[in-house]
Amino acid sequence: MQTQIPMLNEDKEDILSQVECFALDMDGTIYLGEQWIDGAKEFLAQIEESGRNYVFLTNNSSKNAAVYVEKLGQMGLTVGEEKIITSGQAAIYYLKKHFPESRVFLLGNPLLKEEFVQAGICLEEEHPDVVVTAFDTSLDYAKLCRVCDHVRAGIPYIATHPDYNCPTEDGFIPDVGAIHAFIHASAFRYPDRIIGKPNEDIIEYLTTRVKTERAHIAMVGDRLYTDIVAGRNHGLKSVLVLSGEASMEDVKVSETVPHLIFQSVREMIPLLKSRRIDA
């Protein structure tokens, strides 16, 4: 039986008063393309005014933290890299924990490769111990052949996140999930482990970064099958906003129901007043 769907723009159980840190999806939740969602900047300011914290948590592994900091700066928000958590960073954390000193074949953009190298990951093209696939917008046929060869050889196969498509201002473009489908068609394997939302590994990494108990973290996003499932399945509060992909019709047929639903983050602002979390 489906959990009862919460009323739109209401917090009857005072759930937000328990939240110390907001883990915020980005595109569709805080902005669309290069445009702020109405009220999003005011929402971020109110989080801090109320004594709470926030970080941005994204599955997109085609960009590193510095790129997001630059983009937000161009949009008028000054934040440091400590506010950005990506599935690429979570993959680095996972590799260091479970495959220390391993040689890694990384299917990813130059920016992500640089981030891996700076973190001390040894990248190897020809004889890797582990394959990691990411959202590689520099993909070409030679790379596809090479990654299929390595996956076909049976070595451990890790993915940064599961998304099939990435939203853009003009629609959608194929994401890493589509790459996995190509690899499976040739090498007959899907990833052994997927790090990003809605899976446990990125949530574990999140908690190490924000140093907050899961019961006091809210996952806020516009996708039921990543953001909301991540929150519900791993002990976080889950908050759906209808400013991006999901609609109330989607909620009605979803197996996973969020704790709270708001039209956008703007409607959350009044509920954060006078709820300061003491240090």
# chains A, B, ... in the order shown; residues from 1 in each chain; ligands from 1

$ closest_atom_pairs --of "stretch 106-176 of chain A" --to "stretch 233-247 of chain A" --cutoff "12 Å" --atoms "only C-alpha atoms" --output "JSON lines"
{"residue": "A:Asn165", "atom": "CA", "partner": "A:Glu245", "partner_atom": "CA", "distance": 11.8}
{"residue": "A:Cys166", "atom": "CA", "partner": "A:Glu245", "partner_atom": "CA", "distance": 11.2}
{"residue": "A:Pro167", "atom": "CA", "partner": "A:Glu245", "partner_atom": "CA", "distance": 9.0}
{"residue": "A:Thr168", "atom": "CA", "partner": "A:Gly244", "partner_atom": "CA", "distance": 11.3}
{"residue": "A:Glu169", "atom": "CA", "partner": "A:Gly244", "partner_atom": "CA", "distance": 11.6}
{"residue": "A:Gly171", "atom": "CA", "partner": "A:Glu245", "partner_atom": "CA", "distance": 11.2}
{"residue": "A:Phe172", "atom": "CA", "partner": "A:Glu245", "partner_atom": "CA", "distance": 11.4}

$ write_last_selection --atoms "all heavy atoms" --output "PDB file, in the first residue's frame"
ATOM      1  N   ASN A 165      19.366  10.033 -18.943  1.00  0.00           N
ATOM      2  CA  ASN A 165      19.367  11.295 -19.687  1.00  0.00           C
ATOM      3  C   ASN A 165      19.727  12.451 -18.772  1.00  0.00           C
ATOM      4  O   ASN A 165      19.457  12.414 -17.576  1.00  0.00           O
ATOM      5  CB  ASN A 165      17.999  11.563 -20.319  1.00  0.00           C
ATOM      6  CG  ASN A 165      17.697  10.621 -21.458  1.00  0.00           C
ATOM      7  OD1 ASN A 165      18.396  10.613 -22.465  1.00  0.00           O
ATOM      8  ND2 ASN A 165      16.662   9.807 -21.300  1.00  0.00           N
ATOM      9  N   CYS A 166      20.318  13.472 -19.351  1.00  0.00           N
ATOM     10  CA  CYS A 166      20.654  14.690 -18.627  1.00  0.00           C
ATOM     11  C   CYS A 166      19.803  15.830 -19.181  1.00  0.00           C
ATOM     12  O   CYS A 166      19.771  16.042 -20.408  1.00  0.00           O
ATOM     13  CB  CYS A 166      22.134  15.014 -18.800  1.00  0.00           C
ATOM     14  SG  CYS A 166      22.653  16.547 -17.984  1.00  0.00           S
ATOM     15  N   PRO A 167      19.086  16.567 -18.313  1.00  0.00           N
ATOM     16  CA  PRO A 167      18.247  17.658 -18.812  1.00  0.00           C
ATOM     17  C   PRO A 167      19.088  18.836 -19.277  1.00  0.00           C
ATOM     18  O   PRO A 167      20.120  19.157 -18.688  1.00  0.00           O
ATOM     19  CB  PRO A 167      17.405  18.042 -17.587  1.00  0.00           C
ATOM     20  CG  PRO A 167      18.237  17.638 -16.422  1.00  0.00           C
ATOM     21  CD  PRO A 167      18.989  16.423 -16.857  1.00  0.00           C
ATOM     22  N   THR A 168      18.656  19.466 -20.372  1.00  0.00           N
ATOM     23  CA  THR A 168      19.268  20.703 -20.856  1.00  0.00           C
ATOM     24  C   THR A 168      18.146  21.687 -21.153  1.00  0.00           C
ATOM     25  O   THR A 168      16.961  21.347 -21.080  1.00  0.00           O
ATOM     26  CB  THR A 168      20.084  20.475 -22.141  1.00  0.00           C
ATOM     27  OG1 THR A 168      19.176  20.232 -23.243  1.00  0.00           O
ATOM     28  CG2 THR A 168      21.031  19.284 -21.997  1.00  0.00           C
ATOM     29  N   GLU A 169      18.512  22.904 -21.503  1.00  0.00           N
ATOM     30  CA  GLU A 169      17.501  23.910 -21.832  1.00  0.00           C
ATOM     31  C   GLU A 169      16.720  23.529 -23.083  1.00  0.00           C
ATOM     32  O   GLU A 169      15.615  24.033 -23.313  1.00  0.00           O
ATOM     33  CB  GLU A 169      18.168  25.274 -22.012  1.00  0.00           C
ATOM     34  CG  GLU A 169      18.771  25.825 -20.717  1.00  0.00           C
ATOM     35  CD  GLU A 169      19.489  27.135 -20.918  1.00  0.00           C
ATOM     36  OE1 GLU A 169      18.807  28.160 -21.062  1.00  0.00           O
ATOM     37  OE2 GLU A 169      20.729  27.132 -20.923  1.00  0.00           O
ATOM     38  N   GLY A 171      15.986  20.249 -23.922  1.00  0.00           N
ATOM     39  CA  GLY A 171      15.448  18.891 -23.816  1.00  0.00           C
ATOM     40  C   GLY A 171      16.404  17.996 -23.050  1.00  0.00           C
ATOM     41  O   GLY A 171      16.908  18.375 -22.005  1.00  0.00           O
ATOM     42  N   PHE A 172      16.692  16.803 -23.607  1.00  0.00           N
ATOM     43  CA  PHE A 172      17.549  15.850 -22.912  1.00  0.00           C
ATOM     44  C   PHE A 172      18.679  15.385 -23.824  1.00  0.00           C
ATOM     45  O   PHE A 172      18.528  15.327 -25.042  1.00  0.00           O
ATOM     46  CB  PHE A 172      16.744  14.626 -22.467  1.00  0.00           C
ATOM     47  CG  PHE A 172      15.733  14.926 -21.400  1.00  0.00           C
ATOM     48  CD1 PHE A 172      14.426  15.240 -21.742  1.00  0.00           C
ATOM     49  CD2 PHE A 172      16.089  14.911 -20.064  1.00  0.00           C
ATOM     50  CE1 PHE A 172      13.492  15.526 -20.765  1.00  0.00           C
ATOM     51  CE2 PHE A 172      15.169  15.184 -19.070  1.00  0.00           C
ATOM     52  CZ  PHE A 172      13.865  15.496 -19.432  1.00  0.00           C
TER      53      PHE A 172
END

$ residues_around --residues "A:Pro198" --least-positions-apart "3" --cutoff "7 Å" --atoms "only C-alpha atoms" --output "list in words"
Tyr225, Thr226, Asp227, Val229 and Ala230 of chain A

$ write_last_selection --atoms "N, CA and C atoms" --output "compact mmCIF listing (two decimals), in the first residue's frame"
# COMPACT_ATOMS: atom_id res chain seq x y z
N TYR A 225 12.74 9.11 -8.63
CA TYR A 225 13.51 7.87 -8.69
C TYR A 225 14.97 8.05 -8.31
N THR A 226 15.44 9.27 -8.15
CA THR A 226 16.80 9.49 -7.65
C THR A 226 16.75 10.22 -6.31
N ASP A 227 16.31 11.47 -6.32
CA ASP A 227 16.33 12.29 -5.11
C ASP A 227 15.45 11.72 -4.00
N VAL A 229 13.88 8.70 -3.73
CA VAL A 229 14.25 7.34 -3.33
C VAL A 229 15.51 7.37 -2.46
N ALA A 230 16.47 8.23 -2.81
CA ALA A 230 17.69 8.35 -2.01
C ALA A 230 17.36 8.75 -0.59

$ select_by_dssp --residues "stretch 9-108 of chain A" --states "strand (DSSP E or B)" --output "PyMOL selection string"
chain A and resi 21-24+27+31-32+35-36+53-58+84-86+103-107

$ residues_around --residues "stretch 141-151 of chain A" --least-positions-apart "2" --cutoff "9 Å" --atoms "only C-alpha atoms" --output "list in words"
Phe105, Leu106, Leu107, Glu125, Glu126, His127, Pro128, Val130, Val131, Thr133, Leu139, Ala153, Gly154, Ile155, Pro156, Tyr157, Ile179, Phe182, Ile183, His184, Ser186, Ala187, Phe188, Arg189, Tyr190 and Pro191 of chain A

$ closest_residue --among "A:Glu101, A:Lys197, A:Asp222, A:Pro110" --to "A:Leu32" --atoms "only C-alpha atoms"
A:Asp222

$ select_by_dssp --residues "stretch 25-217 of chain A" --states "alpha helix (DSSP H)" --output "ChimeraX atom specification"
/A:40-49,65-74,87-98,110-118,141-152,176-187,200-210

$ atom_distance --atom1 "atom CA of A:Ser254" --atom2 "atom CA of A:Asn199"
17.6 Å

$ closest_residue --among "A:Ser17, A:Gln35, A:Asn9, A:Gln263" --to "A:Lys71" --atoms "only C-alpha atoms"
A:Gln35

$ residues_around --residues "stretch 58-67 of chain A" --least-positions-apart "5" --cutoff "8 Å" --atoms "only C-alpha atoms" --output "PyMOL selection string"
chain A and resi 24-26+81+84-88+108-109+111-112+115+134-137+160-161+163+196-197

$ residues_around --residues "A:Val55" --least-positions-apart "4" --cutoff "12 Å" --atoms "only C-alpha atoms" --output "mmCIF file with all heavy atoms, in the first residue's frame"
data_model
loop_
_atom_site.group_PDB
_atom_site.id
_atom_site.type_symbol
_atom_site.label_atom_id
_atom_site.label_comp_id
_atom_site.auth_asym_id
_atom_site.auth_seq_id
_atom_site.Cartn_x
_atom_site.Cartn_y
_atom_site.Cartn_z
ATOM 1 N N GLU A 20 18.780 19.960 9.877
ATOM 2 C CA GLU A 20 19.942 20.798 10.118
ATOM 3 C C GLU A 20 20.706 21.104 8.834
ATOM 4 O O GLU A 20 21.407 22.105 8.755
ATOM 5 C CB GLU A 20 20.877 20.114 11.113
ATOM 6 C CG GLU A 20 20.249 19.892 12.484
ATOM 7 C CD GLU A 20 21.169 19.113 13.414
ATOM 8 O OE1 GLU A 20 22.371 18.987 13.092
ATOM 9 O OE2 GLU A 20 20.678 18.627 14.444
ATOM 10 N N CYS A 21 20.588 20.206 7.846
ATOM 11 C CA CYS A 21 21.304 20.398 6.586
ATOM 12 C C CYS A 21 20.417 19.989 5.415
ATOM 13 O O CYS A 21 19.782 18.929 5.455
ATOM 14 C CB CYS A 21 22.588 19.565 6.573
ATOM 15 S SG CYS A 21 23.547 19.719 5.042
ATOM 16 N N PHE A 22 20.371 20.826 4.394
ATOM 17 C CA PHE A 22 19.640 20.526 3.167
ATOM 18 C C PHE A 22 20.626 20.085 2.088
ATOM 19 O O PHE A 22 21.572 20.808 1.767
ATOM 20 C CB PHE A 22 18.880 21.758 2.677
ATOM 21 C CG PHE A 22 17.705 22.117 3.535
ATOM 22 C CD1 PHE A 22 17.865 22.951 4.633
ATOM 23 C CD2 PHE A 22 16.436 21.631 3.249
ATOM 24 C CE1 PHE A 22 16.781 23.291 5.431
ATOM 25 C CE2 PHE A 22 15.348 21.965 4.042
ATOM 26 C CZ PHE A 22 15.520 22.798 5.139
ATOM 27 N N ALA A 23 20.412 18.888 1.545
ATOM 28 C CA ALA A 23 21.170 18.396 0.399
ATOM 29 C C ALA A 23 20.321 18.676 -0.837
ATOM 30 O O ALA A 23 19.272 18.064 -1.023
ATOM 31 C CB ALA A 23 21.464 16.910 0.536
ATOM 32 N N LEU A 24 20.769 19.611 -1.650
ATOM 33 C CA LEU A 24 19.939 20.149 -2.722
ATOM 34 C C LEU A 24 20.390 19.652 -4.088
ATOM 35 O O LEU A 24 21.564 19.814 -4.472
ATOM 36 C CB LEU A 24 19.998 21.683 -2.712
ATOM 37 C CG LEU A 24 19.645 22.357 -1.383
ATOM 38 C CD1 LEU A 24 20.000 23.840 -1.433
ATOM 39 C CD2 LEU A 24 18.164 22.186 -1.068
ATOM 40 N N ASP A 25 19.464 19.045 -4.809
ATOM 41 C CA ASP A 25 19.695 18.813 -6.230
ATOM 42 C C ASP A 25 19.808 20.180 -6.901
ATOM 43 O O ASP A 25 19.398 21.201 -6.327
ATOM 44 C CB ASP A 25 18.533 18.013 -6.816
ATOM 45 C CG ASP A 25 18.743 17.679 -8.272
ATOM 46 O OD1 ASP A 25 19.801 17.130 -8.610
ATOM 47 O OD2 ASP A 25 17.848 17.989 -9.081
ATOM 48 N N MET A 26 20.314 20.229 -8.094
ATOM 49 C CA MET A 26 20.584 21.529 -8.714
ATOM 50 C C MET A 26 19.602 21.839 -9.851
ATOM 51 O O MET A 26 18.627 22.547 -9.669
ATOM 52 C CB MET A 26 22.048 21.587 -9.171
ATOM 53 C CG MET A 26 23.005 21.389 -7.992
ATOM 54 S SD MET A 26 24.760 21.427 -8.404
ATOM 55 C CE MET A 26 25.034 23.186 -8.477
ATOM 56 N N ILE A 30 17.027 24.139 -8.051
ATOM 57 C CA ILE A 30 17.526 25.470 -7.720
ATOM 58 C C ILE A 30 17.557 26.372 -8.955
ATOM 59 O O ILE A 30 17.278 27.572 -8.875
ATOM 60 C CB ILE A 30 18.933 25.372 -7.091
ATOM 61 C CG1 ILE A 30 18.866 24.593 -5.780
ATOM 62 C CG2 ILE A 30 19.546 26.754 -6.868
ATOM 63 C CD1 ILE A 30 17.993 25.232 -4.715
ATOM 64 N N LEU A 44 17.940 29.873 -0.223
ATOM 65 C CA LEU A 44 19.286 29.585 0.258
ATOM 66 C C LEU A 44 19.677 30.539 1.385
ATOM 67 O O LEU A 44 20.272 30.132 2.391
ATOM 68 C CB LEU A 44 20.291 29.676 -0.888
ATOM 69 C CG LEU A 44 20.095 28.696 -2.046
ATOM 70 C CD1 LEU A 44 21.120 28.961 -3.142
ATOM 71 C CD2 LEU A 44 20.185 27.252 -1.572
ATOM 72 N N ILE A 47 17.883 29.548 4.596
ATOM 73 C CA ILE A 47 18.491 28.385 5.252
ATOM 74 C C ILE A 47 19.587 28.850 6.207
ATOM 75 O O ILE A 47 19.641 28.460 7.377
ATOM 76 C CB ILE A 47 19.068 27.402 4.209
ATOM 77 C CG1 ILE A 47 17.953 26.720 3.423
ATOM 78 C CG2 ILE A 47 19.942 26.353 4.894
ATOM 79 C CD1 ILE A 47 18.455 25.825 2.304
ATOM 80 N N GLU A 48 20.469 29.711 5.706
ATOM 81 C CA GLU A 48 21.579 30.185 6.527
ATOM 82 C C GLU A 48 21.100 31.111 7.631
ATOM 83 O O GLU A 48 21.597 31.058 8.761
ATOM 84 C CB GLU A 48 22.615 30.869 5.639
ATOM 85 C CG GLU A 48 23.284 29.884 4.665
ATOM 86 C CD GLU A 48 24.423 30.489 3.895
ATOM 87 O OE1 GLU A 48 24.334 31.693 3.562
ATOM 88 O OE2 GLU A 48 25.401 29.765 3.616
ATOM 89 N N ALA A 65 33.719 20.230 -9.060
ATOM 90 C CA ALA A 65 33.196 21.238 -8.132
ATOM 91 C C ALA A 65 33.529 22.646 -8.585
ATOM 92 O O ALA A 65 32.702 23.562 -8.457
ATOM 93 C CB ALA A 65 33.742 20.969 -6.736
ATOM 94 N N TYR A 68 31.034 24.087 -11.051
ATOM 95 C CA TYR A 68 29.771 24.496 -10.429
ATOM 96 C C TYR A 68 29.931 25.789 -9.643
ATOM 97 O O TYR A 68 29.050 26.652 -9.654
ATOM 98 C CB TYR A 68 29.235 23.389 -9.529
ATOM 99 C CG TYR A 68 28.588 22.259 -10.291
ATOM 100 C CD1 TYR A 68 29.167 20.998 -10.328
ATOM 101 C CD2 TYR A 68 27.403 22.462 -10.988
ATOM 102 C CE1 TYR A 68 28.577 19.956 -11.034
ATOM 103 C CE2 TYR A 68 26.810 21.422 -11.702
ATOM 104 C CZ TYR A 68 27.402 20.179 -11.721
ATOM 105 O OH TYR A 68 26.811 19.162 -12.420
ATOM 106 N N VAL A 69 31.052 25.934 -8.954
ATOM 107 C CA VAL A 69 31.314 27.178 -8.220
ATOM 108 C C VAL A 69 31.350 28.358 -9.185
ATOM 109 O O VAL A 69 30.776 29.424 -8.912
ATOM 110 C CB VAL A 69 32.642 27.069 -7.443
ATOM 111 C CG1 VAL A 69 33.097 28.438 -6.945
ATOM 112 C CG2 VAL A 69 32.486 26.116 -6.271
ATOM 113 N N VAL A 79 29.837 30.849 -3.518
ATOM 114 C CA VAL A 79 30.021 29.704 -2.620
ATOM 115 C C VAL A 79 31.391 29.104 -2.885
ATOM 116 O O VAL A 79 31.985 29.309 -3.942
ATOM 117 C CB VAL A 79 28.936 28.621 -2.821
ATOM 118 C CG1 VAL A 79 27.562 29.148 -2.452
ATOM 119 C CG2 VAL A 79 28.944 28.081 -4.249
ATOM 120 N N GLY A 80 31.884 28.328 -1.921
ATOM 121 C CA GLY A 80 33.134 27.614 -2.103
ATOM 122 C C GLY A 80 32.891 26.186 -2.540
ATOM 123 O O GLY A 80 31.748 25.700 -2.545
ATOM 124 N N GLU A 81 33.960 25.490 -2.892
ATOM 125 C CA GLU A 81 33.836 24.109 -3.356
ATOM 126 C C GLU A 81 33.323 23.171 -2.275
ATOM 127 O O GLU A 81 32.823 22.087 -2.580
ATOM 128 C CB GLU A 81 35.179 23.610 -3.895
ATOM 129 C CG GLU A 81 35.603 24.310 -5.179
ATOM 130 C CD GLU A 81 36.846 23.713 -5.808
ATOM 131 O OE1 GLU A 81 37.168 22.547 -5.485
ATOM 132 O OE2 GLU A 81 37.505 24.408 -6.610
ATOM 133 N N GLU A 82 33.406 23.598 -1.014
ATOM 134 C CA GLU A 82 32.893 22.759 0.071
ATOM 135 C C GLU A 82 31.383 22.601 -0.001
ATOM 136 O O GLU A 82 30.818 21.681 0.616
ATOM 137 C CB GLU A 82 33.292 23.339 1.441
ATOM 138 C CG GLU A 82 32.525 24.564 1.882
ATOM 139 C CD GLU A 82 33.012 25.868 1.245
ATOM 140 O OE1 GLU A 82 34.031 25.828 0.508
ATOM 141 O OE2 GLU A 82 32.390 26.910 1.488
ATOM 142 N N LYS A 83 30.716 23.445 -0.773
ATOM 143 C CA LYS A 83 29.261 23.367 -0.921
ATOM 144 C C LYS A 83 28.838 22.405 -2.030
ATOM 145 O O LYS A 83 27.644 22.150 -2.210
ATOM 146 C CB LYS A 83 28.680 24.752 -1.246
ATOM 147 C CG LYS A 83 28.717 25.746 -0.105
ATOM 148 C CD LYS A 83 27.662 25.445 0.934
ATOM 149 C CE LYS A 83 27.485 26.583 1.926
ATOM 150 N NZ LYS A 83 26.593 26.187 3.039
ATOM 151 N N ILE A 84 29.784 21.882 -2.783
ATOM 152 C CA ILE A 84 29.465 21.059 -3.959
ATOM 153 C C ILE A 84 29.846 19.603 -3.699
ATOM 154 O O ILE A 84 30.997 19.298 -3.367
ATOM 155 C CB ILE A 84 30.199 21.557 -5.215
ATOM 156 C CG1 ILE A 84 30.046 23.068 -5.392
ATOM 157 C CG2 ILE A 84 29.718 20.786 -6.437
ATOM 158 C CD1 ILE A 84 28.638 23.537 -5.645
ATOM 159 N N ILE A 85 28.890 18.704 -3.871
ATOM 160 C CA ILE A 85 29.143 17.267 -3.755
ATOM 161 C C ILE A 85 28.638 16.606 -5.034
ATOM 162 O O ILE A 85 27.462 16.730 -5.387
ATOM 163 C CB ILE A 85 28.433 16.673 -2.532
ATOM 164 C CG1 ILE A 85 28.968 17.316 -1.243
ATOM 165 C CG2 ILE A 85 28.619 15.157 -2.491
ATOM 166 C CD1 ILE A 85 28.260 16.854 0.013
ATOM 167 N N THR A 86 29.532 15.908 -5.734
ATOM 168 C CA THR A 86 29.174 15.263 -7.001
ATOM 169 C C THR A 86 29.343 13.750 -6.899
ATOM 170 O O THR A 86 30.048 13.238 -6.020
ATOM 171 C CB THR A 86 30.063 15.770 -8.155
ATOM 172 O OG1 THR A 86 31.396 15.241 -7.980
ATOM 173 C CG2 THR A 86 30.128 17.298 -8.185
ATOM 174 N N LEU A 206 28.066 11.829 1.495
ATOM 175 C CA LEU A 206 27.426 13.070 1.936
ATOM 176 C C LEU A 206 27.580 13.264 3.437
ATOM 177 O O LEU A 206 27.933 14.350 3.906
ATOM 178 C CB LEU A 206 25.937 13.044 1.553
ATOM 179 C CG LEU A 206 25.020 14.089 2.203
ATOM 180 C CD1 LEU A 206 25.372 15.481 1.710
ATOM 181 C CD2 LEU A 206 23.553 13.755 1.911
ATOM 182 N N THR A 207 27.311 12.222 4.205
ATOM 183 C CA THR A 207 27.363 12.357 5.660
ATOM 184 C C THR A 207 28.786 12.623 6.156
ATOM 185 O O THR A 207 28.967 13.309 7.173
ATOM 186 C CB THR A 207 26.799 11.105 6.361
ATOM 187 O OG1 THR A 207 27.540 9.952 5.964
ATOM 188 C CG2 THR A 207 25.330 10.905 6.015
ATOM 189 N N ARG A 209 30.881 14.445 4.564
ATOM 190 C CA ARG A 209 31.158 15.835 4.202
ATOM 191 C C ARG A 209 30.435 16.831 5.111
ATOM 192 O O ARG A 209 31.008 17.836 5.515
ATOM 193 C CB ARG A 209 30.771 16.071 2.748
ATOM 194 C CG ARG A 209 31.714 15.448 1.725
ATOM 195 C CD ARG A 209 32.981 16.286 1.514
ATOM 196 N NE ARG A 209 32.629 17.592 0.996
ATOM 197 C CZ ARG A 209 32.521 17.878 -0.310
ATOM 198 N NH1 ARG A 209 32.755 16.943 -1.213
ATOM 199 N NH2 ARG A 209 32.205 19.099 -0.706
ATOM 200 N N VAL A 210 29.177 16.566 5.422
ATOM 201 C CA VAL A 210 28.395 17.540 6.192
ATOM 202 C C VAL A 210 28.432 17.258 7.691
ATOM 203 O O VAL A 210 28.022 18.099 8.497
ATOM 204 C CB VAL A 210 26.930 17.620 5.709
ATOM 205 C CG1 VAL A 210 26.885 17.996 4.241
ATOM 206 C CG2 VAL A 210 26.181 16.305 5.950
ATOM 207 N N LYS A 211 28.901 16.049 8.054
ATOM 208 C CA LYS A 211 29.017 15.668 9.474
ATOM 209 C C LYS A 211 27.708 15.912 10.240
ATOM 210 O O LYS A 211 27.681 16.522 11.306
ATOM 211 C CB LYS A 211 30.185 16.418 10.121
ATOM 212 C CG LYS A 211 31.534 16.027 9.515
ATOM 213 C CD LYS A 211 32.676 16.808 10.114
ATOM 214 C CE LYS A 211 34.023 16.237 9.633
ATOM 215 N NZ LYS A 211 34.158 16.245 8.153
ATOM 216 N N THR A 212 26.636 15.418 9.639
ATOM 217 C CA THR A 212 25.295 15.538 10.210
ATOM 218 C C THR A 212 24.624 14.178 10.152
ATOM 219 O O THR A 212 24.774 13.457 9.162
ATOM 220 C CB THR A 212 24.452 16.561 9.416
ATOM 221 O OG1 THR A 212 25.132 17.824 9.407
ATOM 222 C CG2 THR A 212 23.067 16.742 10.024
ATOM 223 N N ILE A 217 19.104 15.414 7.932
ATOM 224 C CA ILE A 217 19.404 15.874 6.571
ATOM 225 C C ILE A 217 18.155 15.740 5.712
ATOM 226 O O ILE A 217 17.461 14.724 5.776
ATOM 227 C CB ILE A 217 20.543 15.044 5.937
ATOM 228 C CG1 ILE A 217 21.823 15.133 6.777
ATOM 229 C CG2 ILE A 217 20.818 15.507 4.500
ATOM 230 C CD1 ILE A 217 22.929 14.207 6.292
ATOM 231 N N ALA A 218 17.866 16.749 4.924
ATOM 232 C CA ALA A 218 16.754 16.686 3.961
ATOM 233 C C ALA A 218 17.310 16.635 2.551
ATOM 234 O O ALA A 218 18.101 17.499 2.157
ATOM 235 C CB ALA A 218 15.830 17.887 4.115
ATOM 236 N N MET A 219 16.902 15.621 1.794
ATOM 237 C CA MET A 219 17.232 15.538 0.377
ATOM 238 C C MET A 219 16.117 16.222 -0.390
ATOM 239 O O MET A 219 14.964 15.803 -0.341
ATOM 240 C CB MET A 219 17.345 14.065 -0.042
ATOM 241 C CG MET A 219 17.715 13.839 -1.503
ATOM 242 S SD MET A 219 19.376 14.364 -1.922
ATOM 243 C CE MET A 219 19.038 15.529 -3.262
ATOM 244 N N VAL A 220 16.470 17.304 -1.101
ATOM 245 C CA VAL A 220 15.488 18.108 -1.829
ATOM 246 C C VAL A 220 15.769 17.989 -3.319
ATOM 247 O O VAL A 220 16.882 18.283 -3.774
ATOM 248 C CB VAL A 220 15.545 19.592 -1.409
ATOM 249 C CG1 VAL A 220 14.458 20.398 -2.121
ATOM 250 C CG2 VAL A 220 15.419 19.729 0.107
#

$ atom_distance --atom1 "atom CA of A:Arg152" --atom2 "atom CA of A:Leu95"
20.3 Å

$ atom_distance --atom1 "atom CA of A:Gln89" --atom2 "atom CA of A:Glu49"
28.3 Å
